[in-house]
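Raw contents of run29.cif, mmCIF, C-alpha atoms and all ligand atoms:
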data_work
#
loop_
_atom_site.label_atom_id
_atom_site.label_comp_id
_atom_site.auth_asym_id
_atom_site.auth_seq_id
_atom_site.Cartn_x
_atom_site.Cartn_y
_atom_site.Cartn_z
CA MET A 28 171.41 82.02 -52.80
CA ARG A 29 171.50 84.06 -49.57
CA VAL A 30 174.19 83.63 -46.94
CA PRO A 31 173.23 85.07 -43.53
CA PRO A 32 175.60 85.79 -40.61
CA LEU A 33 174.12 82.88 -38.68
CA ASP A 34 171.14 80.52 -38.70
CA LEU A 35 169.55 80.33 -35.25
CA PRO A 36 166.26 78.75 -36.39
CA ALA A 37 168.26 75.82 -37.83
CA GLN A 38 170.14 75.45 -34.55
CA TYR A 39 166.88 75.46 -32.59
CA ALA A 40 165.30 72.92 -34.95
CA GLY A 41 168.10 70.45 -34.16
CA LEU A 42 167.63 70.80 -30.39
CA LYS A 43 163.92 71.60 -30.23
CA GLN A 44 162.74 68.62 -28.21
CA GLU A 45 165.46 68.93 -25.58
CA ILE A 46 165.09 72.70 -25.23
CA ASP A 47 161.30 72.58 -25.06
CA ARG A 48 161.49 69.88 -22.39
CA ALA A 49 164.04 71.89 -20.39
CA PHE A 50 161.80 74.98 -20.56
CA GLU A 51 158.77 72.96 -19.50
CA ARG A 52 160.66 71.56 -16.53
CA ALA A 53 161.85 75.01 -15.48
CA CYS A 54 158.34 76.44 -15.81
CA GLU A 55 156.70 73.56 -13.95
CA ASN A 56 159.14 74.06 -11.08
CA ALA A 57 159.20 77.87 -11.28
CA TRP A 58 163.00 77.90 -11.68
CA PHE A 59 162.98 81.45 -12.94
CA LYS A 60 165.61 83.24 -10.86
CA LEU A 61 169.00 81.49 -10.63
CA GLY A 62 167.92 78.03 -9.34
CA PRO A 63 169.03 74.47 -10.16
CA GLU A 64 169.51 74.91 -13.92
CA VAL A 65 171.78 77.93 -13.40
CA GLU A 66 173.68 76.14 -10.63
CA ARG A 67 174.22 73.14 -12.90
CA PHE A 68 175.45 75.40 -15.67
CA GLU A 69 177.84 77.15 -13.27
CA ARG A 70 179.35 73.80 -12.25
CA ASP A 71 179.68 72.58 -15.84
CA TRP A 72 181.00 75.85 -17.24
CA ALA A 73 183.61 76.13 -14.46
CA GLU A 74 184.73 72.58 -15.23
CA ARG A 75 184.78 73.26 -18.99
CA CYS A 76 186.99 76.31 -18.36
CA GLY A 77 189.26 74.48 -15.93
CA ALA A 78 188.26 77.02 -13.26
CA ALA A 79 187.34 76.47 -9.64
CA HIS A 80 184.34 78.83 -9.71
CA CYS A 81 181.76 80.24 -12.09
CA VAL A 82 179.29 83.01 -11.30
CA ALA A 83 176.47 83.23 -13.84
CA VAL A 84 174.99 86.64 -14.58
CA ASN A 85 172.58 88.33 -16.96
CA SER A 86 175.06 89.49 -19.65
CA GLY A 87 178.68 89.62 -20.66
CA THR A 88 178.76 93.32 -19.88
CA SER A 89 177.57 92.60 -16.32
CA ALA A 90 180.21 89.86 -16.06
CA LEU A 91 183.00 92.29 -16.96
CA HIS A 92 181.68 94.95 -14.59
CA LEU A 93 181.22 92.47 -11.75
CA ALA A 94 184.77 91.13 -12.09
CA LEU A 95 186.28 94.63 -12.13
CA GLU A 96 184.22 95.82 -9.19
CA ALA A 97 184.85 92.69 -7.12
CA LEU A 98 188.59 93.12 -7.75
CA GLY A 99 188.31 96.59 -6.24
CA VAL A 100 188.80 98.62 -9.43
CA GLY A 101 187.28 102.09 -9.03
CA ALA A 102 187.61 105.86 -9.40
CA GLY A 103 191.17 107.05 -9.91
CA ASP A 104 192.29 103.69 -11.33
CA GLU A 105 193.31 102.96 -14.90
CA VAL A 106 192.50 99.74 -16.73
CA ILE A 107 194.60 98.95 -19.81
CA THR A 108 192.64 97.33 -22.60
CA SER A 109 192.36 96.88 -26.34
CA PRO A 110 191.03 99.69 -28.56
CA LEU A 111 189.64 97.09 -31.00
CA SER A 112 186.63 95.50 -29.34
CA PHE A 113 182.92 95.77 -28.81
CA PHE A 114 182.04 98.90 -26.81
CA ALA A 115 181.04 96.89 -23.71
CA THR A 116 184.74 96.30 -22.96
CA ALA A 117 185.19 100.03 -22.35
CA GLU A 118 181.74 100.55 -20.83
CA ALA A 119 182.37 98.02 -18.06
CA ILE A 120 185.54 99.88 -17.05
CA LEU A 121 183.71 103.21 -17.08
CA TYR A 122 180.89 101.83 -14.88
CA THR A 123 183.43 101.38 -12.06
CA GLY A 124 184.58 105.00 -12.30
CA ALA A 125 187.99 103.88 -13.60
CA ARG A 126 189.55 105.16 -16.82
CA PRO A 127 190.11 102.86 -19.81
CA VAL A 128 193.58 103.26 -21.29
CA PHE A 129 194.01 101.87 -24.78
CA ALA A 130 197.19 100.06 -25.81
CA ASP A 131 197.60 99.17 -29.48
CA ILE A 132 196.96 95.74 -31.04
CA GLU A 133 199.18 93.21 -32.76
CA PRO A 134 198.44 93.34 -36.49
CA GLU A 135 198.42 89.53 -36.90
CA THR A 136 195.98 88.57 -34.14
CA PHE A 137 194.07 91.87 -33.67
CA ASN A 138 194.67 91.43 -29.91
CA LEU A 139 196.22 93.67 -27.27
CA ASP A 140 199.97 93.83 -27.95
CA PRO A 141 201.84 92.96 -24.74
CA ARG A 142 204.69 95.26 -25.87
CA ALA A 143 202.31 98.21 -26.12
CA ILE A 144 201.15 97.81 -22.51
CA ALA A 145 204.47 99.04 -21.11
CA SER A 146 204.22 102.26 -23.13
CA VAL A 147 200.89 103.27 -21.55
CA LEU A 148 201.55 102.17 -17.96
CA THR A 149 201.32 104.73 -15.17
CA ASP A 150 201.16 104.45 -11.37
CA ALA A 151 197.36 104.62 -11.67
CA ALA A 152 197.18 101.29 -13.55
CA ARG A 153 195.22 98.74 -11.57
CA ALA A 154 194.24 96.08 -14.09
CA VAL A 155 194.74 94.81 -17.64
CA MET A 156 191.81 93.56 -19.69
CA PRO A 157 192.90 91.64 -22.78
CA VAL A 158 190.13 90.70 -25.21
CA HIS A 159 190.29 87.34 -27.00
CA LEU A 160 188.97 89.01 -30.11
CA PHE A 161 187.12 87.04 -32.78
CA GLY A 162 187.78 83.92 -30.66
CA HIS A 163 191.59 84.07 -30.96
CA PRO A 164 193.32 84.10 -27.55
CA ALA A 165 195.48 87.07 -26.62
CA ASP A 166 199.11 86.23 -25.82
CA MET A 167 198.55 85.79 -22.08
CA ASP A 168 202.02 84.85 -20.76
CA PRO A 169 203.73 88.19 -21.49
CA ILE A 170 200.60 90.00 -20.31
CA LEU A 171 200.61 88.03 -17.04
CA SER A 172 204.27 88.72 -16.49
CA ILE A 173 203.89 92.52 -16.98
CA ALA A 174 200.86 92.35 -14.67
CA ALA A 175 202.79 90.47 -11.97
CA GLU A 176 205.65 92.96 -12.21
CA HIS A 177 203.29 95.93 -11.71
CA ASP A 178 200.77 94.30 -9.39
CA LEU A 179 197.88 94.48 -11.85
CA ALA A 180 194.81 92.27 -11.93
CA VAL A 181 194.18 90.50 -15.25
CA ILE A 182 190.59 90.19 -16.41
CA GLU A 183 190.06 88.31 -19.66
CA ASP A 184 187.27 89.52 -21.90
CA ALA A 185 186.44 86.07 -23.28
CA ALA A 186 183.02 87.10 -24.61
CA GLN A 187 183.90 85.77 -28.08
CA ALA A 188 186.13 82.86 -27.11
CA HIS A 189 184.10 79.96 -25.70
CA GLY A 190 186.28 76.88 -25.90
CA ALA A 191 189.35 78.70 -27.26
CA LEU A 192 192.69 77.47 -25.90
CA TYR A 193 195.84 79.35 -24.89
CA LYS A 194 198.80 76.95 -24.86
CA GLY A 195 196.32 74.12 -24.41
CA ARG A 196 194.41 75.80 -21.55
CA PRO A 197 190.84 77.05 -21.93
CA VAL A 198 190.73 80.84 -21.87
CA GLY A 199 188.87 82.54 -19.02
CA ALA A 200 190.78 81.28 -16.00
CA VAL A 201 194.27 82.00 -17.33
CA GLY A 202 194.18 85.43 -15.65
CA HIS A 203 192.56 86.32 -12.31
CA ALA A 204 189.06 86.26 -13.77
CA GLY A 205 187.48 85.81 -17.18
CA ALA A 206 184.15 87.13 -18.43
CA PHE A 207 181.98 85.35 -20.99
CA SER A 208 178.91 86.51 -22.86
CA PHE A 209 176.13 84.13 -23.81
CA TYR A 210 174.45 86.72 -26.00
CA VAL A 211 172.32 84.98 -28.60
CA THR A 212 174.90 85.19 -31.45
CA LYS A 213 177.88 83.85 -29.50
CA ASN A 214 179.42 80.38 -30.03
CA LEU A 215 177.45 79.37 -26.94
CA GLY A 216 174.36 81.56 -26.93
CA ALA A 217 171.41 81.75 -24.55
CA PHE A 218 167.93 82.70 -25.74
CA GLY A 219 168.58 86.39 -25.34
CA GLU A 220 171.14 87.52 -22.79
CA GLY A 221 173.50 85.80 -20.39
CA GLY A 222 177.02 85.97 -19.03
CA ALA A 223 179.40 84.47 -16.50
CA VAL A 224 182.69 85.07 -14.74
CA VAL A 225 185.10 82.22 -14.06
CA THR A 226 187.92 82.38 -11.56
CA ASP A 227 190.08 80.21 -9.32
CA ASP A 228 189.85 82.76 -6.50
CA ALA A 229 187.23 81.65 -3.94
CA ASP A 230 187.02 85.06 -2.19
CA LEU A 231 186.56 86.84 -5.48
CA ALA A 232 183.81 84.39 -6.49
CA GLU A 233 182.07 84.96 -3.17
CA ARG A 234 182.18 88.75 -3.58
CA MET A 235 180.80 88.42 -7.10
CA ARG A 236 177.94 86.21 -5.87
CA LEU A 237 177.02 88.89 -3.34
CA LEU A 238 177.33 91.75 -5.83
CA ARG A 239 175.20 90.06 -8.52
CA ASN A 240 172.31 89.74 -6.05
CA HIS A 241 171.99 93.21 -4.47
CA GLY A 242 174.78 92.48 -1.98
CA GLN A 243 172.29 90.22 -0.21
CA SER A 244 173.90 87.89 2.31
CA GLY A 245 170.59 86.47 3.56
CA GLY A 246 166.87 87.25 3.26
CA TYR A 247 166.84 91.08 3.14
CA PHE A 248 170.21 91.39 4.87
CA HIS A 249 172.43 93.41 2.54
CA SER A 250 176.11 93.63 3.33
CA LEU A 251 177.10 95.49 0.15
CA VAL A 252 175.51 97.77 -2.39
CA GLY A 253 175.27 95.43 -5.36
CA TYR A 254 173.32 94.96 -8.56
CA ASN A 255 170.57 92.83 -10.02
CA TYR A 256 172.83 90.81 -12.32
CA ARG A 257 171.24 87.38 -11.71
CA MET A 258 171.04 84.94 -14.61
CA ALA A 259 167.45 83.97 -15.45
CA GLY A 260 166.60 80.31 -14.80
CA LEU A 261 165.36 79.77 -18.36
CA GLN A 262 168.72 80.91 -19.75
CA GLY A 263 170.47 78.37 -17.53
CA ALA A 264 168.11 75.70 -18.90
CA VAL A 265 168.89 76.45 -22.54
CA LEU A 266 172.63 76.76 -21.89
CA ASN A 267 172.63 73.30 -20.27
CA VAL A 268 171.12 71.83 -23.42
CA LYS A 269 173.54 73.66 -25.71
CA LEU A 270 176.82 73.23 -23.78
CA PRO A 271 177.37 69.56 -24.80
CA HIS A 272 177.27 70.71 -28.45
CA LEU A 273 179.88 73.47 -28.12
CA ASP A 274 182.81 71.29 -29.19
CA GLU A 275 181.09 69.96 -32.30
CA TRP A 276 179.96 73.52 -33.24
CA ASN A 277 183.48 74.88 -32.74
CA ALA A 278 184.90 71.98 -34.79
CA ARG A 279 182.56 72.88 -37.66
CA ARG A 280 183.62 76.55 -37.39
CA ARG A 281 187.26 75.40 -37.62
CA GLU A 282 186.46 73.31 -40.71
CA ILE A 283 184.85 76.37 -42.32
CA ALA A 284 187.89 78.52 -41.45
CA GLU A 285 190.15 75.91 -43.07
CA ARG A 286 187.97 75.79 -46.20
CA TYR A 287 188.17 79.61 -46.43
CA ALA A 288 191.96 79.44 -46.10
CA GLU A 289 192.06 77.08 -49.08
CA GLY A 290 189.35 78.69 -51.16
CA LEU A 291 190.57 82.27 -50.73
CA ALA A 292 194.31 81.54 -51.10
CA GLY A 293 195.86 83.64 -53.85
CA THR A 294 193.31 86.47 -53.55
CA PRO A 295 194.44 89.91 -52.30
CA LEU A 296 192.82 89.15 -48.90
CA ALA A 297 195.04 88.73 -45.84
CA LEU A 298 193.54 85.69 -44.12
CA PRO A 299 193.47 85.06 -40.36
CA ARG A 300 195.86 82.45 -38.98
CA GLU A 301 196.25 81.04 -35.51
CA ALA A 302 199.39 81.97 -33.56
CA ASP A 303 201.38 78.92 -32.42
CA TYR A 304 200.07 79.33 -28.85
CA ALA A 305 196.44 79.60 -29.89
CA ARG A 306 193.46 77.49 -30.77
CA SER A 307 190.73 79.86 -31.85
CA SER A 308 187.01 79.37 -31.33
CA TRP A 309 186.56 81.02 -34.76
CA HIS A 310 183.74 83.20 -33.49
CA LEU A 311 184.28 85.53 -36.44
CA TYR A 312 186.29 85.02 -39.63
CA VAL A 313 187.93 88.39 -40.17
CA VAL A 314 190.06 89.17 -43.22
CA ARG A 315 191.91 92.33 -44.22
CA CYS A 316 191.24 93.52 -47.71
CA PRO A 317 191.88 96.22 -50.25
CA ASP A 318 188.71 98.07 -51.30
CA ARG A 319 186.93 96.79 -48.21
CA ASP A 320 183.77 98.85 -48.59
CA ALA A 321 183.40 98.01 -52.29
CA LEU A 322 183.85 94.29 -51.56
CA LYS A 323 181.23 94.48 -48.81
CA GLU A 324 178.81 96.12 -51.22
CA HIS A 325 179.57 93.56 -53.94
CA LEU A 326 178.86 90.72 -51.47
CA ALA A 327 175.62 92.35 -50.33
CA GLY A 328 174.58 92.54 -53.98
CA ALA A 329 175.20 88.79 -54.27
CA GLY A 330 173.11 88.08 -51.15
CA VAL A 331 176.11 87.44 -48.88
CA TRP A 332 176.25 89.04 -45.45
CA ALA A 333 179.59 90.60 -44.48
CA GLY A 334 180.28 92.69 -41.37
CA ILE A 335 182.82 95.15 -40.04
CA HIS A 336 184.24 94.35 -36.62
CA TYR A 337 184.90 97.12 -35.81
CA PRO A 338 184.66 100.28 -37.90
CA VAL A 339 185.84 102.73 -35.22
CA PRO A 340 188.56 102.37 -32.54
CA LEU A 341 186.96 102.54 -29.07
CA PRO A 342 188.64 105.82 -28.04
CA ASP A 343 187.25 107.53 -31.17
CA LEU A 344 183.63 106.66 -30.42
CA GLU A 345 181.32 109.60 -29.90
CA ALA A 346 180.24 108.26 -26.49
CA LEU A 347 183.78 108.75 -25.21
CA SER A 348 184.36 112.20 -26.67
CA GLY A 349 184.66 114.87 -24.04
CA GLY A 350 185.71 112.30 -21.41
CA ASP A 351 189.11 112.39 -19.74
CA LEU A 352 190.75 109.72 -21.91
CA ARG A 353 194.52 109.69 -22.19
CA GLU A 354 195.58 109.86 -25.80
CA THR A 355 197.68 106.82 -26.74
CA PRO A 356 199.17 105.83 -30.11
CA ILE A 357 197.04 103.15 -31.82
CA PRO A 358 198.19 103.09 -35.48
CA GLN A 359 197.65 99.33 -35.90
CA THR A 360 194.09 99.64 -34.63
CA ARG A 361 193.30 102.48 -37.00
CA ARG A 362 194.66 100.46 -39.92
CA ALA A 363 192.64 97.42 -38.90
CA CYS A 364 189.42 99.43 -38.65
CA ALA A 365 189.88 100.57 -42.25
CA GLU A 366 190.70 97.11 -43.63
CA VAL A 367 188.75 94.41 -41.78
CA LEU A 368 185.81 92.51 -43.20
CA THR A 369 184.00 89.62 -41.51
CA LEU A 370 182.83 86.72 -43.67
CA PRO A 371 180.03 84.41 -42.52
CA VAL A 372 180.99 81.48 -40.29
CA PHE A 373 178.39 79.55 -38.33
CA PRO A 374 178.08 75.83 -37.61
CA GLU A 375 174.98 75.32 -39.75
CA MET A 376 176.58 76.93 -42.83
CA THR A 377 176.58 74.49 -45.74
CA ASP A 378 179.53 73.82 -48.04
CA ALA A 379 177.41 75.13 -50.91
CA GLN A 380 176.83 78.42 -49.06
CA GLN A 381 180.54 78.74 -48.33
CA ASP A 382 181.55 77.93 -51.92
CA TYR A 383 179.13 80.65 -53.02
CA VAL A 384 180.85 83.18 -50.69
CA ILE A 385 184.30 82.18 -51.94
CA GLU A 386 183.14 82.43 -55.55
CA ALA A 387 181.63 85.88 -54.91
CA VAL A 388 184.89 87.15 -53.36
CA ARG A 389 186.95 85.74 -56.22
CA ARG A 390 184.65 87.35 -58.78
CA PHE A 391 185.16 90.76 -57.13
CA TYR A 392 188.95 90.62 -57.47
CA ASP A 393 188.87 89.05 -60.95
C1 LIG B 1 184.33 91.44 -26.80
C2 LIG B 1 183.01 91.60 -26.12
N1 LIG B 1 182.98 92.05 -24.84
C3 LIG B 1 181.83 92.19 -24.18
C4 LIG B 1 180.62 91.89 -24.76
C5 LIG B 1 179.36 92.13 -24.00
O1 LIG B 1 178.56 91.01 -23.84
P1 LIG B 1 176.97 91.15 -23.72
O2 LIG B 1 176.45 91.55 -25.06
O3 LIG B 1 176.54 89.77 -23.33
O4 LIG B 1 176.68 92.14 -22.67
C6 LIG B 1 180.61 91.41 -26.07
C7 LIG B 1 179.37 91.00 -26.74
O5 LIG B 1 178.53 91.37 -27.27
C8 LIG B 1 181.82 91.27 -26.78
O6 LIG B 1 181.85 90.84 -28.04
#

Will you turn the file into structure tokens for me?
Ligand SMILES: Cc1ncc(COP(=O)(O)O)c(C=O)c1O
Amino acid sequence: MRVPPLDLPAQYAGLKQEIDRAFERACENAWFKLGPEVERFERDWAERCGAAHCVAVNSGTSALHLALEALGVGAGDEVITSPLSFFATAEAILYTGARPVFADIEPETFNLDPRAIASVLTDAARAVMPVHLFGHPADMDPILSIAAEHDLAVIEDAAQAHGALYKGRPVGAVGHAGAFSFYVTKNLGAFGEGGAVVTDDADLAERMRLLRNHGQSGGYFHSLVGYNYRMAGLQGAVLNVKLPHLDEWNARRREIAERYAEGLAGTPLALPREADYARSSWHLYVVRCPDRDALKEHLAGAGVWAGIHYPVPLPDLEALSGGDLRETPIPQTRRACAEVLTLPVFPEMTDAQQDYVIEAVRRFYD
């Protein structure tokens, strides 16, 4: 048996007729740049997130950058974020000219530790960017209260957390703005790249709409220097077909997470658990384990994919060496990078595939 990280052909097979029809309609009407499909997705995604506005863009990275820039973050500013994330979290901050400042994570949730924020705060801090890593929401209330006290904007990196809930509220519009990625492997994935920012702030949404389209306020009238961050019409079309399935896909991911919790109980693995305030989207199922690299190799030998999210803390990445980062203590992040292993979880995974993974892990420790 082989167990892959995900099975996109199976997902497409289930939706083929609807997706093909949506593509045909978009092509027949030449809805290639933004257009009605993207507008419909913006309305539905805003509603799904409980937000007043959604601005669809061409990637999650663009969404983060757009939100930061529209909030006025720039050179001389510091943005406090998590050192355990995909590199785009830091890149987006750097694009604005601001400096990312890394506060350590909580060991249980792998998310930015609200208590660590205070220890890295300076007068230059302008924003906080928590990441809802692996689909598990960051603890937003203490983050929002530190932010209010110090007049910081809060931008959620919700790239991995479609449909996740913080105290019953969808993530994304809990802070001032939230950025999503619809990269092909995400819980809600486009056919290639896509992203969006949600917010309740009408002025912010308006600025982001201008910035994503070259600062263009009317035909060739440009009031700002912006970007070409428009979402492609075909991506809007596929997202509209997929969005109604998000809940059932997330429910299946949850079922798989629960089966892992049962099947792997009693092994030396430390299994992920939801905090009492959180409902995870279970984007990734990340365990901590002794002999991580040997277990990964053993699984590969058995035909089971396993990943490492992430092997290196962001501030240690080569791309950031030689920059003017402030050194901050991140012992929990360093420990996590040495111990984490991601097991396959995707909605189309069969029970037989999962039992095979569980069996393979058990065999390693036996
Ligand atoms: C946490 C996080 N932030 C940002 C991004 C960037 O999104 P994209 O790949 O759509 O640019 C990703 C996704 O890959 C991510 O996982």

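Residues of protein, DNA or RNA having any atom at most 6 Å from ligand LIG 1 (chain B), counting all atoms listed in the file, are Ser86, Gly87, Thr88, Ser112, Phe113, Ala115, Thr116, Asp184, Ala186, Gln187, Ser208, Phe209, Tyr210, Glu220, Gly221 and Gly222 of chain A.
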
Select all residues near (181.4, 90.5, -44.4) (cut-off 10 Å, inclusive, file coordinates), counting all atoms listed in the file, and output them as a ChimeraX atom specification. /A:31-32,311-314,319-320,322-324,326-327,331-336,367-372,384

Keeping only C-alpha atoms, write the selected residues as a PDB file, in the frame of the given file.
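See again.pdb below for the written result:
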ATOM      1  CA  PRO A  31     173.230  85.070 -43.530  1.00  0.00           C
ATOM      2  CA  PRO A  32     175.600  85.790 -40.610  1.00  0.00           C
ATOM      3  CA  LEU A 311     184.280  85.530 -36.440  1.00  0.00           C
ATOM      4  CA  TYR A 312     186.290  85.020 -39.630  1.00  0.00           C
ATOM      5  CA  VAL A 313     187.930  88.390 -40.170  1.00  0.00           C
ATOM      6  CA  VAL A 314     190.060  89.170 -43.220  1.00  0.00           C
ATOM      7  CA  ARG A 319     186.930  96.790 -48.210  1.00  0.00           C
ATOM      8  CA  ASP A 320     183.770  98.850 -48.590  1.00  0.00           C
ATOM      9  CA  LEU A 322     183.850  94.290 -51.560  1.00  0.00           C
ATOM     10  CA  LYS A 323     181.230  94.480 -48.810  1.00  0.00           C
ATOM     11  CA  GLU A 324     178.810  96.120 -51.220  1.00  0.00           C
ATOM     12  CA  LEU A 326     178.860  90.720 -51.470  1.00  0.00           C
ATOM     13  CA  ALA A 327     175.620  92.350 -50.330  1.00  0.00           C
ATOM     14  CA  VAL A 331     176.110  87.440 -48.880  1.00  0.00           C
ATOM     15  CA  TRP A 332     176.250  89.040 -45.450  1.00  0.00           C
ATOM     16  CA  ALA A 333     179.590  90.600 -44.480  1.00  0.00           C
ATOM     17  CA  GLY A 334     180.280  92.690 -41.370  1.00  0.00           C
ATOM     18  CA  ILE A 335     182.820  95.150 -40.040  1.00  0.00           C
ATOM     19  CA  HIS A 336     184.240  94.350 -36.620  1.00  0.00           C
ATOM     20  CA  VAL A 367     188.750  94.410 -41.780  1.00  0.00           C
ATOM     21  CA  LEU A 368     185.810  92.510 -43.200  1.00  0.00           C
ATOM     22  CA  THR A 369     184.000  89.620 -41.510  1.00  0.00           C
ATOM     23  CA  LEU A 370     182.830  86.720 -43.670  1.00  0.00           C
ATOM     24  CA  PRO A 371     180.030  84.410 -42.520  1.00  0.00           C
ATOM     25  CA  VAL A 372     180.990  81.480 -40.290  1.00  0.00           C
ATOM     26  CA  VAL A 384     180.850  83.180 -50.690  1.00  0.00           C
TER      27      VAL A 384
END

Out of A:Ala259, A:Ala165, A:Ile120, A:Ala125, which residue has the shortest atom-to-atom distance to Asp303 in chain A when counting only C-alpha atoms?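 Residue with the minimum atom-to-atom distance to Asp303 in chain A: A:Ala165.
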
Show me, as a list in words, the residues that have an atom within 9 Å of Thr355 in chain A when counting only C-alpha atoms, minus same-chain residues fewer than 3 positions from it. Val128, Phe129, Ala130, Asp131, Ser146, Val147 and Leu352 of chain A

Within 9 Å of range 277-286 of chain A using all atoms listed in the file, minus same-chain residues under 5 positions, as a list in words: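 Neighbouring residues, sequence-local ones excluded: His189, Gly190, Ala191, Asn214, His272, Leu291, Pro299, Ser307, Ser308, Trp309, His310, Tyr312, Val372, Phe373, Pro374, Glu375, Met376, Asp378, Gln381 and Asp382 of chain A.
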
Mind dumping a table of every range 66-146 of chain A residue within 12 Å of range 151-159 of chain A, with the nearest atom pair and its distance in Å to one decimal, using all atoms listed in the file, sorted by chain and rising number, as JSON lines?
{"residue": "A:Leu91", "atom": "CA", "partner": "A:Met156", "partner_atom": "CA", "distance": 9.3}
{"residue": "A:His92", "atom": "CA", "partner": "A:Met156", "partner_atom": "CA", "distance": 11.4}
{"residue": "A:Ala94", "atom": "CA", "partner": "A:Met156", "partner_atom": "CA", "distance": 10.6}
{"residue": "A:Leu95", "atom": "CA", "partner": "A:Ala154", "partner_atom": "CA", "distance": 8.3}
{"residue": "A:Glu96", "atom": "CA", "partner": "A:Ala154", "partner_atom": "CA", "distance": 11.2}
{"residue": "A:Leu98", "atom": "CA", "partner": "A:Ala154", "partner_atom": "CA", "distance": 9.0}
{"residue": "A:Gly99", "atom": "CA", "partner": "A:Arg153", "partner_atom": "CA", "distance": 9.0}
{"residue": "A:Val100", "atom": "CA", "partner": "A:Arg153", "partner_atom": "CA", "distance": 6.8}
{"residue": "A:Gly101", "atom": "CA", "partner": "A:Arg153", "partner_atom": "CA", "distance": 9.0}
{"residue": "A:Ala102", "atom": "CA", "partner": "A:Ala151", "partner_atom": "CA", "distance": 10.1}
{"residue": "A:Gly103", "atom": "CA", "partner": "A:Ala151", "partner_atom": "CA", "distance": 6.9}
{"residue": "A:Asp104", "atom": "CA", "partner": "A:Ala151", "partner_atom": "CA", "distance": 5.2}
{"residue": "A:Glu105", "atom": "CA", "partner": "A:Ala152", "partner_atom": "CA", "distance": 4.4}
{"residue": "A:Val106", "atom": "CA", "partner": "A:Ala154", "partner_atom": "CA", "distance": 4.8}
{"residue": "A:Ile107", "atom": "CA", "partner": "A:Val155", "partner_atom": "CA", "distance": 4.7}
{"residue": "A:Thr108", "atom": "CA", "partner": "A:Met156", "partner_atom": "CA", "distance": 4.8}
{"residue": "A:Ser109", "atom": "CA", "partner": "A:Pro157", "partner_atom": "CA", "distance": 6.4}
{"residue": "A:Pro110", "atom": "CA", "partner": "A:Val158", "partner_atom": "CA", "distance": 9.6}
{"residue": "A:Leu111", "atom": "CA", "partner": "A:Val158", "partner_atom": "CA", "distance": 8.6}
{"residue": "A:Ser112", "atom": "CA", "partner": "A:Val158", "partner_atom": "CA", "distance": 7.2}
{"residue": "A:Phe113", "atom": "CA", "partner": "A:Val158", "partner_atom": "CA", "distance": 9.5}
{"residue": "A:Phe114", "atom": "CA", "partner": "A:Val158", "partner_atom": "CA", "distance": 11.6}
{"residue": "A:Ala115", "atom": "CA", "partner": "A:Val158", "partner_atom": "CA", "distance": 11.1}
{"residue": "A:Thr116", "atom": "CA", "partner": "A:Val158", "partner_atom": "CA", "distance": 8.1}
{"residue": "A:Ala117", "atom": "CA", "partner": "A:Met156", "partner_atom": "CA", "distance": 9.6}
{"residue": "A:Ala119", "atom": "CA", "partner": "A:Met156", "partner_atom": "CA", "distance": 10.6}
{"residue": "A:Ile120", "atom": "CA", "partner": "A:Met156", "partner_atom": "CA", "distance": 9.3}
{"residue": "A:Ala125", "atom": "CA", "partner": "A:Arg153", "partner_atom": "CA", "distance": 9.1}
{"residue": "A:Arg126", "atom": "CA", "partner": "A:Ala152", "partner_atom": "CA", "distance": 9.2}
{"residue": "A:Pro127", "atom": "CA", "partner": "A:Met156", "partner_atom": "CA", "distance": 9.5}
{"residue": "A:Val128", "atom": "CA", "partner": "A:Ala152", "partner_atom": "CA", "distance": 8.8}
{"residue": "A:Phe129", "atom": "CA", "partner": "A:Met156", "partner_atom": "CA", "distance": 10.0}
{"residue": "A:Ala130", "atom": "CA", "partner": "A:Pro157", "partner_atom": "CA", "distance": 9.9}
{"residue": "A:Asp131", "atom": "CA", "partner": "A:Pro157", "partner_atom": "CA", "distance": 11.1}
{"residue": "A:Ile132", "atom": "CA", "partner": "A:Pro157", "partner_atom": "CA", "distance": 10.1}
{"residue": "A:Glu133", "atom": "CA", "partner": "A:Pro157", "partner_atom": "CA", "distance": 11.9}
{"residue": "A:Thr136", "atom": "CA", "partner": "A:His159", "partner_atom": "CA", "distance": 9.2}
{"residue": "A:Phe137", "atom": "CA", "partner": "A:His159", "partner_atom": "CA", "distance": 8.9}
{"residue": "A:Asn138", "atom": "CA", "partner": "A:Val158", "partner_atom": "CA", "distance": 6.6}
{"residue": "A:Leu139", "atom": "CA", "partner": "A:Pro157", "partner_atom": "CA", "distance": 5.9}
{"residue": "A:Asp140", "atom": "CA", "partner": "A:Pro157", "partner_atom": "CA", "distance": 9.0}
{"residue": "A:Pro141", "atom": "CA", "partner": "A:Pro157", "partner_atom": "CA", "distance": 9.2}
{"residue": "A:Ala143", "atom": "CA", "partner": "A:Val155", "partner_atom": "CA", "distance": 11.9}
{"residue": "A:Ile144", "atom": "CA", "partner": "A:Val155", "partner_atom": "CA", "distance": 8.6}
{"residue": "A:Ala145", "atom": "CA", "partner": "A:Ala152", "partner_atom": "CA", "distance": 10.7}
{"residue": "A:Ser146", "atom": "CA", "partner": "A:Ala152", "partner_atom": "CA", "distance": 11.9}

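Separating CA of Ala73 in chain A from CA of Ala223 in chain A is a distance of 9.6 Å.
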
Determine, counting all atoms listed in the file, every residue of protein, DNA or RNA that lies within 12 Å of (184.7, 89.9, -57.0) in the file coordinates, then give the result as JSON, numbers by chain. {"A": [291, 294, 295, 296, 316, 317, 318, 319, 321, 322, 323, 324, 325, 326, 327, 328, 329, 383, 384, 385, 386, 387, 388, 389, 390, 391, 392, 393]}

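Note that the spacing between CA of Ala57 in chain A and CA of Ala264 in chain A amounts to 11.9 Å.
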